[in-house]
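One structure is given here, and the rest of the page talks about it.
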Amino acid sequence: MKARTRPVVEGLFIETETGLRLSGSRCKTCRTPYFPAAAHCHNPGCAGSEMEPAQFGPRGTLWSHTIQNFPPPTPSKYDAPFNPYAVGVVDLTQDGLRVLAQIVADDPRQVRSGAEVELVLAPLYRDEDGVEVVTWKARQL
Ligand SMILES: [Zn+2]
């Protein structure tokens, strides 16, 4: 049977019993986190180059956000008709990095920077075969 959902990009995130995790990497020498995963450390103060897999999230704080009021340009996809949504930067404080995420909200005007959020798996658009394409988004707690 054909899967009815698929990730927007393979290998960027995984679902666990305790929530969604972003799959990245971390430098073994200086512990700098990278998402998506990096092959080498880009920290100019680090001489190390050995990386290890790392997972980030799901809890964080919405550092800043805005409302996307117009459709994203190609190649981004969305389900018509376009509905404005909030998009923001999530501070994954415990992991030491920030990531961009759409914010899950019935009304994007209700989103507040500074809110505690968690990363969740959410639909992005439905493809030409009717398969729901999913990605990570942030939901206010
Ligand atoms: Zn490093």
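Going by the structure tokens order, chains are called A, B, ..., each with residues numbered from 1, while ligands are numbered from 1 in the order shown.
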Exercise for review: Using only C-alpha atoms and all ligand atoms, determine which residues fall within 6 Å of ligand 1, then list them as a PyMOL selection string.
Suggested key: chain A and resi 27+29-30+32+41+43+46+48
Dump as a PDB file, in the first residue's frame, selection limited to all heavy atoms:
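The new file out-v3.pdb reads:
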ATOM      1  N   CYS A  27      29.993  18.766  16.115  1.00  0.00           N
ATOM      2  CA  CYS A  27      31.445  18.584  16.069  1.00  0.00           C
ATOM      3  C   CYS A  27      31.901  17.863  17.335  1.00  0.00           C
ATOM      4  O   CYS A  27      31.536  18.251  18.440  1.00  0.00           O
ATOM      5  CB  CYS A  27      32.135  19.939  15.956  1.00  0.00           C
ATOM      6  SG  CYS A  27      33.935  19.848  16.039  1.00  0.00           S
ATOM      7  N   THR A  29      34.823  17.863  18.552  1.00  0.00           N
ATOM      8  CA  THR A  29      35.838  18.635  19.265  1.00  0.00           C
ATOM      9  C   THR A  29      35.227  19.822  20.025  1.00  0.00           C
ATOM     10  O   THR A  29      35.394  19.950  21.225  1.00  0.00           O
ATOM     11  CB  THR A  29      36.905  19.157  18.279  1.00  0.00           C
ATOM     12  OG1 THR A  29      37.483  18.043  17.593  1.00  0.00           O
ATOM     13  CG2 THR A  29      37.991  19.941  19.010  1.00  0.00           C
ATOM     14  N   CYS A  30      34.489  20.693  19.308  1.00  0.00           N
ATOM     15  CA  CYS A  30      33.996  21.920  19.947  1.00  0.00           C
ATOM     16  C   CYS A  30      32.495  21.864  20.273  1.00  0.00           C
ATOM     17  O   CYS A  30      31.967  22.789  20.874  1.00  0.00           O
ATOM     18  CB  CYS A  30      34.298  23.131  19.079  1.00  0.00           C
ATOM     19  SG  CYS A  30      33.331  23.207  17.559  1.00  0.00           S
ATOM     20  N   THR A  32      29.930  22.212  18.441  1.00  0.00           N
ATOM     21  CA  THR A  32      29.041  23.078  17.665  1.00  0.00           C
ATOM     22  C   THR A  32      27.985  22.228  16.965  1.00  0.00           C
ATOM     23  O   THR A  32      28.337  21.256  16.294  1.00  0.00           O
ATOM     24  CB  THR A  32      29.857  23.887  16.628  1.00  0.00           C
ATOM     25  OG1 THR A  32      30.784  24.714  17.327  1.00  0.00           O
ATOM     26  CG2 THR A  32      28.935  24.757  15.766  1.00  0.00           C
ATOM     27  N   CYS A  41      33.251  20.744  10.490  1.00  0.00           N
ATOM     28  CA  CYS A  41      32.978  21.848  11.401  1.00  0.00           C
ATOM     29  C   CYS A  41      33.365  23.169  10.722  1.00  0.00           C
ATOM     30  O   CYS A  41      34.413  23.278  10.102  1.00  0.00           O
ATOM     31  CB  CYS A  41      33.784  21.665  12.689  1.00  0.00           C
ATOM     32  SG  CYS A  41      33.403  22.932  13.921  1.00  0.00           S
ATOM     33  N   ASN A  43      33.319  26.112  12.489  1.00  0.00           N
ATOM     34  CA  ASN A  43      33.741  27.027  13.544  1.00  0.00           C
ATOM     35  C   ASN A  43      35.194  27.442  13.283  1.00  0.00           C
ATOM     36  O   ASN A  43      36.091  26.600  13.323  1.00  0.00           O
ATOM     37  CB  ASN A  43      33.599  26.312  14.898  1.00  0.00           C
ATOM     38  CG  ASN A  43      34.075  27.165  16.053  1.00  0.00           C
ATOM     39  OD1 ASN A  43      34.583  28.274  15.863  1.00  0.00           O
ATOM     40  ND2 ASN A  43      33.910  26.640  17.248  1.00  0.00           N
ATOM     41  N   CYS A  46      37.960  26.306  15.665  1.00  0.00           N
ATOM     42  CA  CYS A  46      38.050  24.869  15.953  1.00  0.00           C
ATOM     43  C   CYS A  46      38.914  24.184  14.909  1.00  0.00           C
ATOM     44  O   CYS A  46      38.729  24.377  13.708  1.00  0.00           O
ATOM     45  CB  CYS A  46      36.652  24.259  15.961  1.00  0.00           C
ATOM     46  SG  CYS A  46      36.641  22.474  16.183  1.00  0.00           S
ATOM     47  N   GLY A  48      39.115  20.882  14.868  1.00  0.00           N
ATOM     48  CA  GLY A  48      38.555  19.537  14.692  1.00  0.00           C
ATOM     49  C   GLY A  48      37.763  19.415  13.407  1.00  0.00           C
ATOM     50  O   GLY A  48      37.334  20.412  12.826  1.00  0.00           O
TER      51      GLY A  48
END
Practice item. With a distance cut-off of 8 Å and only C-alpha atoms, select the neighbouring residues of stretch 115-132 of chain A, excluding the residue or stretch itself and same-chain residues fewer than 6 positions from it, and output the selection as a list in words. Key: Ala3, Arg4, Thr5, Arg6, Val8, Glu15, Gly19, Leu20, Arg21, Gly57, Pro58, Arg59, Gly60, Thr61, Leu62, Lys77, Tyr78, Asp79, Val90, Ala138, Arg139, Gln140 and Leu141 of chain A
Near A:Arg26, counting only C-alpha atoms, which residues have an atom at most 6 Å away, once you skip same-chain residues fewer than 6 positions from it, shown as a PDB file with N, CA, C and O atoms, in the first residue's frame?
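The result, stored in selection-v8.pdb:
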ATOM      1  N   THR A  32      29.930  22.212  18.441  1.00  0.00           N
ATOM      2  CA  THR A  32      29.041  23.078  17.665  1.00  0.00           C
ATOM      3  C   THR A  32      27.985  22.228  16.965  1.00  0.00           C
ATOM      4  O   THR A  32      28.337  21.256  16.294  1.00  0.00           O
ATOM      5  N   PRO A  33      26.694  22.607  17.122  1.00  0.00           N
ATOM      6  CA  PRO A  33      25.620  21.858  16.460  1.00  0.00           C
ATOM      7  C   PRO A  33      25.351  22.370  15.047  1.00  0.00           C
ATOM      8  O   PRO A  33      25.519  23.566  14.781  1.00  0.00           O
ATOM      9  N   TYR A  34      24.934  21.479  14.172  1.00  0.00           N
ATOM     10  CA  TYR A  34      24.596  21.847  12.794  1.00  0.00           C
ATOM     11  C   TYR A  34      23.290  21.199  12.377  1.00  0.00           C
ATOM     12  O   TYR A  34      23.079  19.999  12.589  1.00  0.00           O
ATOM     13  N   MET A  51      32.822  14.717  12.907  1.00  0.00           N
ATOM     14  CA  MET A  51      31.440  15.016  13.259  1.00  0.00           C
ATOM     15  C   MET A  51      30.741  13.749  13.743  1.00  0.00           C
ATOM     16  O   MET A  51      31.133  12.635  13.402  1.00  0.00           O
ATOM     17  N   GLU A  52      29.685  13.953  14.524  1.00  0.00           N
ATOM     18  CA  GLU A  52      28.862  12.821  14.946  1.00  0.00           C
ATOM     19  C   GLU A  52      27.398  13.201  14.758  1.00  0.00           C
ATOM     20  O   GLU A  52      27.044  14.383  14.819  1.00  0.00           O
ATOM     21  N   ALA A  54      23.593  13.999  15.519  1.00  0.00           N
ATOM     22  CA  ALA A  54      22.961  14.603  16.688  1.00  0.00           C
ATOM     23  C   ALA A  54      21.495  14.865  16.383  1.00  0.00           C
ATOM     24  O   ALA A  54      21.120  15.060  15.226  1.00  0.00           O
TER      25      ALA A  54
END
Practice item. Quick one: pick out all strand (DSSP E or B) residues within stretch 27-137 of chain A from a backbone DSSP run and write them as a VMD selection string. Key: chain A and resid 27 33 to 34 51 to 56 59 to 68 85 to 92 97 to 104 116 to 126 132 to 137
For the residues in that selection, give me C-alpha atoms as a PDB file, in the first residue's frame.
ATOM      1  CA  CYS A  27      31.445  18.584  16.069  1.00  0.00           C
ATOM      2  CA  PRO A  33      25.620  21.858  16.460  1.00  0.00           C
ATOM      3  CA  TYR A  34      24.596  21.847  12.794  1.00  0.00           C
ATOM      4  CA  MET A  51      31.440  15.016  13.259  1.00  0.00           C
ATOM      5  CA  GLU A  52      28.862  12.821  14.946  1.00  0.00           C
ATOM      6  CA  PRO A  53      25.111  12.510  14.354  1.00  0.00           C
ATOM      7  CA  ALA A  54      22.961  14.603  16.688  1.00  0.00           C
ATOM      8  CA  GLN A  55      19.263  15.138  17.268  1.00  0.00           C
ATOM      9  CA  PHE A  56      17.678  18.436  18.305  1.00  0.00           C
ATOM     10  CA  ARG A  59      11.189  21.961  23.014  1.00  0.00           C
ATOM     11  CA  GLY A  60      12.244  25.541  22.452  1.00  0.00           C
ATOM     12  CA  THR A  61      11.294  29.205  22.618  1.00  0.00           C
ATOM     13  CA  LEU A  62       9.942  31.289  19.744  1.00  0.00           C
ATOM     14  CA  TRP A  63      12.736  33.876  19.470  1.00  0.00           C
ATOM     15  CA  SER A  64      11.067  36.030  16.779  1.00  0.00           C
ATOM     16  CA  HIS A  65       8.387  35.670  14.136  1.00  0.00           C
ATOM     17  CA  THR A  66       6.472  37.360  11.350  1.00  0.00           C
ATOM     18  CA  ILE A  67       3.388  36.637   9.284  1.00  0.00           C
ATOM     19  CA  GLN A  68       3.807  35.396   5.724  1.00  0.00           C
ATOM     20  CA  TYR A  85       0.765  31.765   8.314  1.00  0.00           C
ATOM     21  CA  ALA A  86       3.277  32.667  10.983  1.00  0.00           C
ATOM     22  CA  VAL A  87       6.916  31.762  10.480  1.00  0.00           C
ATOM     23  CA  GLY A  88       9.619  32.243  13.056  1.00  0.00           C
ATOM     24  CA  VAL A  89      12.964  31.391  14.564  1.00  0.00           C
ATOM     25  CA  VAL A  90      12.852  28.750  17.279  1.00  0.00           C
ATOM     26  CA  ASP A  91      15.604  28.910  19.872  1.00  0.00           C
ATOM     27  CA  LEU A  92      16.463  25.338  20.846  1.00  0.00           C
ATOM     28  CA  LEU A  97      21.001  26.383  17.862  1.00  0.00           C
ATOM     29  CA  ARG A  98      18.106  28.194  16.247  1.00  0.00           C
ATOM     30  CA  VAL A  99      15.963  26.896  13.385  1.00  0.00           C
ATOM     31  CA  LEU A 100      13.345  28.425  11.111  1.00  0.00           C
ATOM     32  CA  ALA A 101       9.866  26.951  11.315  1.00  0.00           C
ATOM     33  CA  GLN A 102       6.341  27.654  10.269  1.00  0.00           C
ATOM     34  CA  ILE A 103       4.148  28.099  13.332  1.00  0.00           C
ATOM     35  CA  VAL A 104       1.021  25.959  13.690  1.00  0.00           C
ATOM     36  CA  GLU A 116       7.386  28.141  24.616  1.00  0.00           C
ATOM     37  CA  VAL A 117       6.991  25.899  21.580  1.00  0.00           C
ATOM     38  CA  GLU A 118       7.540  22.327  20.544  1.00  0.00           C
ATOM     39  CA  LEU A 119       8.460  20.976  17.141  1.00  0.00           C
ATOM     40  CA  VAL A 120       5.754  18.839  15.564  1.00  0.00           C
ATOM     41  CA  LEU A 121       5.235  16.985  12.312  1.00  0.00           C
ATOM     42  CA  ALA A 122       2.692  18.887  10.208  1.00  0.00           C
ATOM     43  CA  PRO A 123       1.394  18.978   6.641  1.00  0.00           C
ATOM     44  CA  LEU A 124       3.109  21.330   4.206  1.00  0.00           C
ATOM     45  CA  TYR A 125       1.118  20.643   1.018  1.00  0.00           C
ATOM     46  CA  ARG A 126      -0.503  17.822  -0.914  1.00  0.00           C
ATOM     47  CA  GLU A 132       0.452  14.703   2.077  1.00  0.00           C
ATOM     48  CA  VAL A 133       3.973  16.128   2.261  1.00  0.00           C
ATOM     49  CA  VAL A 134       4.980  16.770   5.878  1.00  0.00           C
ATOM     50  CA  THR A 135       7.677  18.821   7.559  1.00  0.00           C
ATOM     51  CA  TRP A 136       8.608  20.144  10.995  1.00  0.00           C
ATOM     52  CA  LYS A 137       6.667  23.089  12.350  1.00  0.00           C
TER      53      LYS A 137
END
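The space between atom CA of A:Arg112 and atom CA of A:Leu22 spans 22.7 Å.
As for atom CA of A:Glu50 and atom CA of A:Lys28, they are spaced 5.7 Å apart.
The coordinates place atom CA of A:Ala38 at 6.2 Å from atom CA of A:Ser25.
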